[in-house]
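Novice: Mind looking over this structure? Questions follow.
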Amino acid sequence: MFIILPFISLIFIFLLINKNRNDWRDSLILTSTYWGVLIAASTEILSIFKLIAFGWILATWGLTCIVLIYIWFRLNLKNTKTLKPNISSQLIKNIQIPSFVKLLLSGVGFIVGTIGLIAIIAPPNNWDSMDYHMSRVVHWIQNHSIAHYPTNYTPQLYQNPWSEFVILHFQILSGGDYFANLVQWFSMIGCIIGVSLIAKQLGADLKGQVFSAVVTATIPMGILQASSTQNDYVVAFWVVCLAYYLLSTIKAAKSDIWTNSFNIGTSTGLAILSKGTAYFYVFPFLIWFGFYQIKRLRWQAWKPALIVGSISLLVNISHYLRNYNLFASPLGEPGGYRNEVLGINILISNILKNIALHIGTPIGLWNGIANKLIQIIHVFIRVDINDPRITFSKTFFVPGGWATLGITGNENSAGNLVHVALIMICIISLLARKSIRKENYIFAYLIATISTFLIFCYLVKWQAWNSRLHLPFFVLISPFLGVVLSKLKNQKIAIFIVTCLLISSLPWVFFNRYRPIIDSNNIFQTPRIEQYFSNRPYLKTTYTGAVEFLNSKKCSNIGLLMGNDPWEYPLWVLWRQKNPEVMKIQHININNISAILEKEDFYKDFEPCGIISMETKKSKQKKAQEVNFKGTTYVRAWDSPDIGIFIK
């Protein structure tokens with residue numbers, strides 16, 4: 001019931017903003033930005049006083065709703081008569097929408113609605129969620145703070161946290177993780193709306209705006225991610241907001257420049273606070289903004305630049321400081337994903353290898369030819385295709401199999417083959433037709449968007465799961481594709497293309513590998529607890545047995561020895577399900593820099609009655625008969641192939 005409060009606040013922020021605006025989409029984008037800042041600010045402030053708890057979160061949202069409702073009613077009393085003409089004019093516009101546009105929007109609505117159903121019914125179950133997305137949330141709830149804590153897996157600490165802030169609020173207010181996947185789903189909706197606005201700014205008519213929305217809604221990687229707790233769609237949304245605010249600034253010329261600069265700074269800050277890859281995606285647009293301001297304001301261009309930089313820094317400063325205090329770097333711990341050598345040949349290599357992630361098919365001959373061709377090109381540019389300095393995964397390959405068509409596709413490695421082909425066709429059309437190039441800012445927008453991909457390829461090592469990190473690029477380029485399609489002389493071809501996109505997206509909707517709705521193990525028939533283990537089903541019996549054993553010993557303080565296998569969130573879920581009493585779970589015998597946090601008051605007196613030791617191949621921990629912690633010996637009391645339990 002209380003989960004409705006954040007949504008009530010969102011609605012009333014929208015109502016307040018929409019009173020003086022002509023396009024509800026513009027109001028919704030602005031509303032989301034301010035709501036995003038509200039989430040970040042309230043979480044940081046409550047955390048300072050260790051007030052991350054149900055009562056304080058409830059009071060925060062309750063007070064926010066009361067204030068917003070009060071302001072809305074006060075303003076509404078003065079302007080009641082002016083609302084009716086606006087509503088009636090919007091209704092008239094809706095009646096005038098062409099039939100084929102309504103059909104396309106219905107298709108988008110079906111995709112979005114189905115994914116929303118999956119997001120609510122299926123629990124968070126992708127690998128990163130088990131490792132750190134969801135694990136950090138339950139640690140924060142337990143600690144009543146988002147401060148860094150001792151852990152065997154430091155990405156739980158330094159990874160950018162905005163998505164998990166929202167999940168934190170949802171989880172505390174609802175008492176569970178049923179709404180955790182909705183953060184990505186709402187981001188998908190925001191992107192669909194946002195790209196239609198960008199297309200409008202680029203000169204697209206209604207058809208072009210709807211085409212852009214269809215292109216975004218049918219991105220395979222986006223469809224799969226939108227029902228998970230990954231955060232690439234969240235980043236995509238904030239970058240879309242940034243691009244829209246930038247175009248609004250250019251269109252507004254010198255009017256509203258300070259407000260637009262504030263919005264650009266806010267969206268930039270929220271993008272960075274959501275994921276580190278945001279730096280690649282915001283940079284070209286900020287450069288564009290900088291050149292535009294220099295052209296307009298000359299020597300006064302530093303003023304909007306200062307606003308953008310200050311706001312972005314303010315949004316991220318708390319997380320930067322937490323990272324700096326522990327890791328001596330605001331970005332946290334180096335992950336080994338950055339290219340160790342640079343150059344034009346390296347850029348060409350990574351462009352080819354990253355595009356290859358999206359061109360795989362079930363046809364082995366096609367994949368083999370593509371693989372061989374890329375290897376031959378590498379011979380000419382004198383780059384070792386598997387050079388570990390530019391390749392994180394051990395061996396380069398072109399993906400293949402039925403997963404490339406959406407049959408058991410997953411959000412870690414899905415490719416966007418049809419969209420890559422469409423991008424190439426539309427770029428050729430742009431170059432071939434001068435009339436399209438004359439559209440407002442479309443060429444500059446394309447350059448900025450392509451630059452995001454080039455920067456990514458130049459700086460980041462190739463890895464087999466890079467395709468999910470490309471999602472913001474595919475979302476950003478959707479308005480360009482929509483504009484070009486709407487300018488085709490034969491509109492039947494454009495309608496045929498977007499219709500094919502809708503139809504080809506259905507396998508990705510129905511046959512999600514870890515959250516299928518058409519399968520013998522679909523989300524409607526499979527118990528929720530089993531779905532947490534979709535990535536590693538063999539661990540369910542082991543985890544369940546471990547929790548039941550500790551329950552039989554009435555042990556509620558659990559130490560975790562995870563090694564290099566921090567797949568811990570299902571343990572929290574099972575423990576809460578089996579034993580709702582107060583308990584504490586804490587990582588022990590830590591061998592990384594976060595070990596110094598064990599000396600803090602909240603952690604230093606921790607005495608586990610039992611220790612769970614992860615003993616999988618990934619953990620790299622050998623089986624032992626004893627574990628020592630703070631001078632106390634714990635002996636092995638329960639055994640399984642993957643986990644050992646030690647008791648005092």
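Ordering of the structure tokens sets the chain letters (A, B, ...), residue numbers begin anew at 1 in every chain, and ligands are numbered from 1 in the order given.
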Which residues are close to segment 209-223 of chain A, i.e. within 6 Å by only C-alpha atoms, leaving aside same-chain residues fewer than 6 positions away? Reply as a PyMOL selection string.

Specialist: chain A and resi 192+196+199+411+414+416+475+478-479+482+505

Novice: Please, could you write that set of residues out with N, CA and C atoms as a PDB file, in the first residue's frame?

Specialist:
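File produced: out-v5.pdb:
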```pdb
ATOM      1  N   ILE A 192      11.020   5.760 -24.531  1.00  0.00           N
ATOM      2  CA  ILE A 192      10.092   5.765 -25.667  1.00  0.00           C
ATOM      3  C   ILE A 192       9.466   7.148 -25.837  1.00  0.00           C
ATOM      4  N   SER A 196      10.656  10.262 -28.833  1.00  0.00           N
ATOM      5  CA  SER A 196       9.645  10.896 -29.686  1.00  0.00           C
ATOM      6  C   SER A 196       9.757  12.417 -29.599  1.00  0.00           C
ATOM      7  N   ALA A 199      12.824  13.421 -31.621  1.00  0.00           N
ATOM      8  CA  ALA A 199      12.468  13.380 -33.044  1.00  0.00           C
ATOM      9  C   ALA A 199      11.689  14.629 -33.437  1.00  0.00           C
ATOM     10  N   GLU A 411      19.622 -10.859 -21.278  1.00  0.00           N
ATOM     11  CA  GLU A 411      20.011  -9.447 -21.229  1.00  0.00           C
ATOM     12  C   GLU A 411      21.502  -9.219 -21.065  1.00  0.00           C
ATOM     13  N   ALA A 414      22.485 -10.252 -25.699  1.00  0.00           N
ATOM     14  CA  ALA A 414      21.618 -10.154 -26.879  1.00  0.00           C
ATOM     15  C   ALA A 414      22.150  -9.124 -27.861  1.00  0.00           C
ATOM     16  N   ASN A 416      21.460  -6.721 -31.551  1.00  0.00           N
ATOM     17  CA  ASN A 416      20.391  -5.941 -32.182  1.00  0.00           C
ATOM     18  C   ASN A 416      20.610  -5.908 -33.696  1.00  0.00           C
ATOM     19  N   VAL A 475      19.257   3.494 -28.207  1.00  0.00           N
ATOM     20  CA  VAL A 475      18.130   4.352 -27.841  1.00  0.00           C
ATOM     21  C   VAL A 475      18.342   5.759 -28.397  1.00  0.00           C
ATOM     22  N   SER A 478      17.645   6.205 -32.136  1.00  0.00           N
ATOM     23  CA  SER A 478      16.271   5.938 -32.579  1.00  0.00           C
ATOM     24  C   SER A 478      15.575   7.169 -33.161  1.00  0.00           C
ATOM     25  N   PRO A 479      15.712   8.377 -32.559  1.00  0.00           N
ATOM     26  CA  PRO A 479      15.068   9.552 -33.183  1.00  0.00           C
ATOM     27  C   PRO A 479      15.584   9.824 -34.593  1.00  0.00           C
ATOM     28  N   GLY A 482      13.863   7.413 -36.852  1.00  0.00           N
ATOM     29  CA  GLY A 482      12.459   7.796 -37.044  1.00  0.00           C
ATOM     30  C   GLY A 482      12.308   8.947 -38.018  1.00  0.00           C
ATOM     31  N   SER A 505      10.144  -8.332 -32.819  1.00  0.00           N
ATOM     32  CA  SER A 505      10.469  -8.160 -31.396  1.00  0.00           C
ATOM     33  C   SER A 505       9.753  -9.154 -30.493  1.00  0.00           C
TER      34      SER A 505
END
```

Novice: Apply DSSP to the backbone of this structure and, from segment 325-389 of chain A, keep only the residues in alpha helix (DSSP H); write these as an mmCIF file with N, CA and C atoms, in the first residue's frame.

Specialist:
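Saved as selection-v7.cif:
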```
data_model
loop_
_atom_site.group_PDB
_atom_site.id
_atom_site.type_symbol
_atom_site.label_atom_id
_atom_site.label_comp_id
_atom_site.auth_asym_id
_atom_site.auth_seq_id
_atom_site.Cartn_x
_atom_site.Cartn_y
_atom_site.Cartn_z
ATOM 1 N N ASN A 325 37.224 8.234 -0.050
ATOM 2 C CA ASN A 325 37.671 7.931 1.312
ATOM 3 C C ASN A 325 38.132 6.492 1.470
ATOM 4 N N LEU A 326 37.561 5.574 0.678
ATOM 5 C CA LEU A 326 37.939 4.168 0.801
ATOM 6 C C LEU A 326 38.962 3.751 -0.252
ATOM 7 N N PHE A 327 38.732 4.151 -1.496
ATOM 8 C CA PHE A 327 39.565 3.675 -2.606
ATOM 9 C C PHE A 327 40.592 4.703 -3.083
ATOM 10 N N ILE A 344 44.480 4.606 -33.667
ATOM 11 C CA ILE A 344 43.443 4.492 -34.690
ATOM 12 C C ILE A 344 43.178 3.024 -35.020
ATOM 13 N N ASN A 345 44.257 2.226 -35.097
ATOM 14 C CA ASN A 345 44.060 0.802 -35.402
ATOM 15 C C ASN A 345 43.300 0.089 -34.288
ATOM 16 N N ILE A 346 43.537 0.506 -33.050
ATOM 17 C CA ILE A 346 42.803 -0.078 -31.921
ATOM 18 C C ILE A 346 41.334 0.302 -32.004
ATOM 19 N N LEU A 347 41.077 1.556 -32.379
ATOM 20 C CA LEU A 347 39.689 2.008 -32.538
ATOM 21 C C LEU A 347 38.979 1.203 -33.613
ATOM 22 N N ILE A 348 39.628 1.010 -34.763
ATOM 23 C CA ILE A 348 39.023 0.225 -35.849
ATOM 24 C C ILE A 348 38.750 -1.201 -35.379
ATOM 25 N N SER A 349 39.711 -1.776 -34.662
ATOM 26 C CA SER A 349 39.553 -3.138 -34.150
ATOM 27 C C SER A 349 38.325 -3.260 -33.258
ATOM 28 N N ASN A 350 38.204 -2.345 -32.304
ATOM 29 C CA ASN A 350 37.093 -2.445 -31.355
ATOM 30 C C ASN A 350 35.754 -2.079 -31.980
ATOM 31 N N ILE A 351 35.757 -1.207 -32.986
ATOM 32 C CA ILE A 351 34.506 -0.929 -33.699
ATOM 33 C C ILE A 351 34.005 -2.194 -34.373
ATOM 34 N N LEU A 352 34.897 -2.876 -35.068
ATOM 35 C CA LEU A 352 34.513 -4.111 -35.762
ATOM 36 C C LEU A 352 34.040 -5.174 -34.781
ATOM 37 N N LYS A 353 34.785 -5.336 -33.679
ATOM 38 C CA LYS A 353 34.444 -6.389 -32.718
ATOM 39 C C LYS A 353 33.151 -6.084 -31.975
ATOM 40 N N ASN A 354 32.900 -4.803 -31.686
ATOM 41 C CA ASN A 354 31.658 -4.451 -31.000
ATOM 42 C C ASN A 354 30.451 -4.568 -31.918
ATOM 43 N N ILE A 355 30.614 -4.185 -33.188
ATOM 44 C CA ILE A 355 29.522 -4.381 -34.144
ATOM 45 C C ILE A 355 29.233 -5.870 -34.321
ATOM 46 N N ALA A 356 30.299 -6.689 -34.265
ATOM 47 C CA ALA A 356 30.141 -8.139 -34.443
ATOM 48 C C ALA A 356 29.208 -8.749 -33.408
ATOM 49 N N GLY A 364 25.356 -20.768 -39.229
ATOM 50 C CA GLY A 364 26.769 -20.910 -38.912
ATOM 51 C C GLY A 364 27.684 -20.383 -39.992
ATOM 52 N N LEU A 365 27.293 -20.560 -41.257
ATOM 53 C CA LEU A 365 28.116 -20.090 -42.373
ATOM 54 C C LEU A 365 28.272 -18.575 -42.326
ATOM 55 N N TRP A 366 27.176 -17.876 -42.073
ATOM 56 C CA TRP A 366 27.215 -16.409 -41.972
ATOM 57 C C TRP A 366 28.171 -15.985 -40.861
ATOM 58 N N ASN A 367 28.028 -16.597 -39.687
ATOM 59 C CA ASN A 367 28.872 -16.234 -38.548
ATOM 60 C C ASN A 367 30.344 -16.518 -38.839
ATOM 61 N N GLY A 368 30.602 -17.654 -39.503
ATOM 62 C CA GLY A 368 31.974 -18.022 -39.830
ATOM 63 C C GLY A 368 32.619 -17.045 -40.805
ATOM 64 N N ILE A 369 31.843 -16.646 -41.831
ATOM 65 C CA ILE A 369 32.369 -15.688 -42.811
ATOM 66 C C ILE A 369 32.656 -14.345 -42.142
ATOM 67 N N ALA A 370 31.716 -13.897 -41.291
ATOM 68 C CA ALA A 370 31.897 -12.616 -40.598
ATOM 69 C C ALA A 370 33.126 -12.662 -39.697
ATOM 70 N N ASN A 371 33.269 -13.780 -38.984
ATOM 71 C CA ASN A 371 34.411 -13.942 -38.075
ATOM 72 C C ASN A 371 35.732 -13.908 -38.857
ATOM 73 N N LYS A 372 35.758 -14.642 -39.967
ATOM 74 C CA LYS A 372 36.983 -14.715 -40.773
ATOM 75 C C LYS A 372 37.323 -13.359 -41.386
ATOM 76 N N LEU A 373 36.297 -12.647 -41.858
ATOM 77 C CA LEU A 373 36.514 -11.344 -42.478
ATOM 78 C C LEU A 373 37.104 -10.351 -41.470
ATOM 79 N N ILE A 374 36.579 -10.371 -40.260
ATOM 80 C CA ILE A 374 37.089 -9.467 -39.216
ATOM 81 C C ILE A 374 38.534 -9.826 -38.868
ATOM 82 N N GLN A 375 38.842 -11.109 -38.832
ATOM 83 C CA GLN A 375 40.220 -11.526 -38.553
ATOM 84 C C GLN A 375 41.174 -11.077 -39.658
ATOM 85 N N ILE A 376 40.727 -11.155 -40.914
ATOM 86 C CA ILE A 376 41.565 -10.718 -42.041
ATOM 87 C C ILE A 376 41.838 -9.218 -41.943
ATOM 88 N N ILE A 377 40.815 -8.450 -41.606
ATOM 89 C CA ILE A 377 40.998 -6.997 -41.460
ATOM 90 C C ILE A 377 42.006 -6.705 -40.358
ATOM 91 N N HIS A 378 41.987 -7.502 -39.297
ATOM 92 C CA HIS A 378 42.938 -7.305 -38.203
ATOM 93 C C HIS A 378 44.380 -7.570 -38.644
ATOM 94 N N VAL A 379 44.533 -8.440 -39.600
ATOM 95 C CA VAL A 379 45.878 -8.676 -40.130
ATOM 96 C C VAL A 379 46.386 -7.417 -40.829
ATOM 97 N N PHE A 380 45.504 -6.763 -41.583
ATOM 98 C CA PHE A 380 45.896 -5.561 -42.321
ATOM 99 C C PHE A 380 46.174 -4.383 -41.387
#
```

Novice: Please determine, counting only C-alpha atoms, which residue among A:Val341, A:Val37, A:Cys241, A:Ile407 has the shortest atom-to-atom distance to Ile390 of chain A.

Specialist: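 Of A:Val341, A:Val37, A:Cys241, A:Ile407, the one nearest Ile390 of chain A is A:Val341, counting only C-alpha atoms.
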
Novice: Which is closest to Leu182 of chain A among A:Ser504, A:Ser227, A:Asn160, A:Asn466, if we use only C-alpha atoms?

Specialist: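 Using only C-alpha atoms, the shortest distance to Leu182 of chain A belongs to A:Ser227.
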
Novice: What does the structure give for the distance between atom CA of Val195 of chain A and atom CA of Lys102 of chain A, in Å to one decimal?

Specialist: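 Computed distance, atom CA of Val195 of chain A to atom CA of Lys102 of chain A, equals 17.7 Å.
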
Novice: Counting only C-alpha atoms, which of A:Arg576, A:His139, A:Lys19, A:Lys623 gets nearest to Asn551 of chain A?

Specialist: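 Under the stated criterion, the closest residue is A:Arg576.
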
Novice: Using only C-alpha atoms, can you tell me which of A:Leu561, A:Leu157, A:Ile11, A:Ile518 comes closest to His319 of chain A?

Specialist: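 For His319 of chain A, the nearest of the candidates is A:Leu157.
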
Novice: Excluding Leu273 of chain A and residues on its chain fewer than 6 positions from it, collect all residues at most 12 Å away from it, counting only C-alpha atoms, and give them as a PDB file with C-alpha atoms, in the first residue's frame.

Specialist:
```pdb
ATOM      1  CA  GLY A  36      15.192  11.551  -9.722  1.00  0.00           C
ATOM      2  CA  VAL A  37      16.913  14.350  -7.810  1.00  0.00           C
ATOM      3  CA  ILE A  39      15.243  10.239  -4.709  1.00  0.00           C
ATOM      4  CA  ALA A  40      18.985  10.911  -4.624  1.00  0.00           C
ATOM      5  CA  ALA A  41      18.773  13.816  -2.170  1.00  0.00           C
ATOM      6  CA  TYR A 158      31.836   1.697  -5.716  1.00  0.00           C
ATOM      7  CA  GLN A 159      29.375   1.031  -8.548  1.00  0.00           C
ATOM      8  CA  ASN A 160      27.133   4.029  -9.213  1.00  0.00           C
ATOM      9  CA  PRO A 161      23.978   3.622  -7.098  1.00  0.00           C
ATOM     10  CA  TRP A 162      20.987   5.684  -8.345  1.00  0.00           C
ATOM     11  CA  SER A 163      18.998   2.694  -9.653  1.00  0.00           C
ATOM     12  CA  GLU A 164      19.495   0.900  -6.351  1.00  0.00           C
ATOM     13  CA  PHE A 165      18.388   4.032  -4.468  1.00  0.00           C
ATOM     14  CA  ASN A 231      20.743  -0.321 -15.116  1.00  0.00           C
ATOM     15  CA  VAL A 234      18.207   3.857 -16.628  1.00  0.00           C
ATOM     16  CA  VAL A 235      21.385   5.402 -18.049  1.00  0.00           C
ATOM     17  CA  TRP A 238      18.918  10.126 -18.389  1.00  0.00           C
ATOM     18  CA  VAL A 239      21.057  10.565 -21.514  1.00  0.00           C
ATOM     19  CA  THR A 266      20.740  17.524 -13.479  1.00  0.00           C
ATOM     20  CA  SER A 267      20.260  14.904 -16.205  1.00  0.00           C
ATOM     21  CA  TYR A 279      30.639   9.330 -19.055  1.00  0.00           C
ATOM     22  CA  SER A 312      26.406  17.390 -12.012  1.00  0.00           C
ATOM     23  CA  LEU A 313      29.041  17.391  -9.300  1.00  0.00           C
ATOM     24  CA  LEU A 314      26.521  18.162  -6.562  1.00  0.00           C
ATOM     25  CA  VAL A 315      24.365  15.177  -7.568  1.00  0.00           C
ATOM     26  CA  ASN A 316      27.392  12.851  -7.390  1.00  0.00           C
ATOM     27  CA  ILE A 317      29.518  14.417  -4.664  1.00  0.00           C
ATOM     28  CA  SER A 318      28.418  12.119  -1.824  1.00  0.00           C
ATOM     29  CA  HIS A 319      29.140   8.968  -3.808  1.00  0.00           C
ATOM     30  CA  TYR A 320      32.451  10.407  -5.007  1.00  0.00           C
ATOM     31  CA  PRO A 330      36.107   9.090  -6.734  1.00  0.00           C
ATOM     32  CA  LEU A 331      35.512   6.379  -9.354  1.00  0.00           C
TER      33      LEU A 331
END
```

Novice: Excluding Gly175 of chain A and residues on its chain fewer than 3 positions from it, collect all residues at most 12 Å away from it, counting only C-alpha atoms, and give them as a PyMOL selection string.

Specialist: chain A and resi 1-3+53-54+58+138+141+167-172+178-180+573+576-577+580
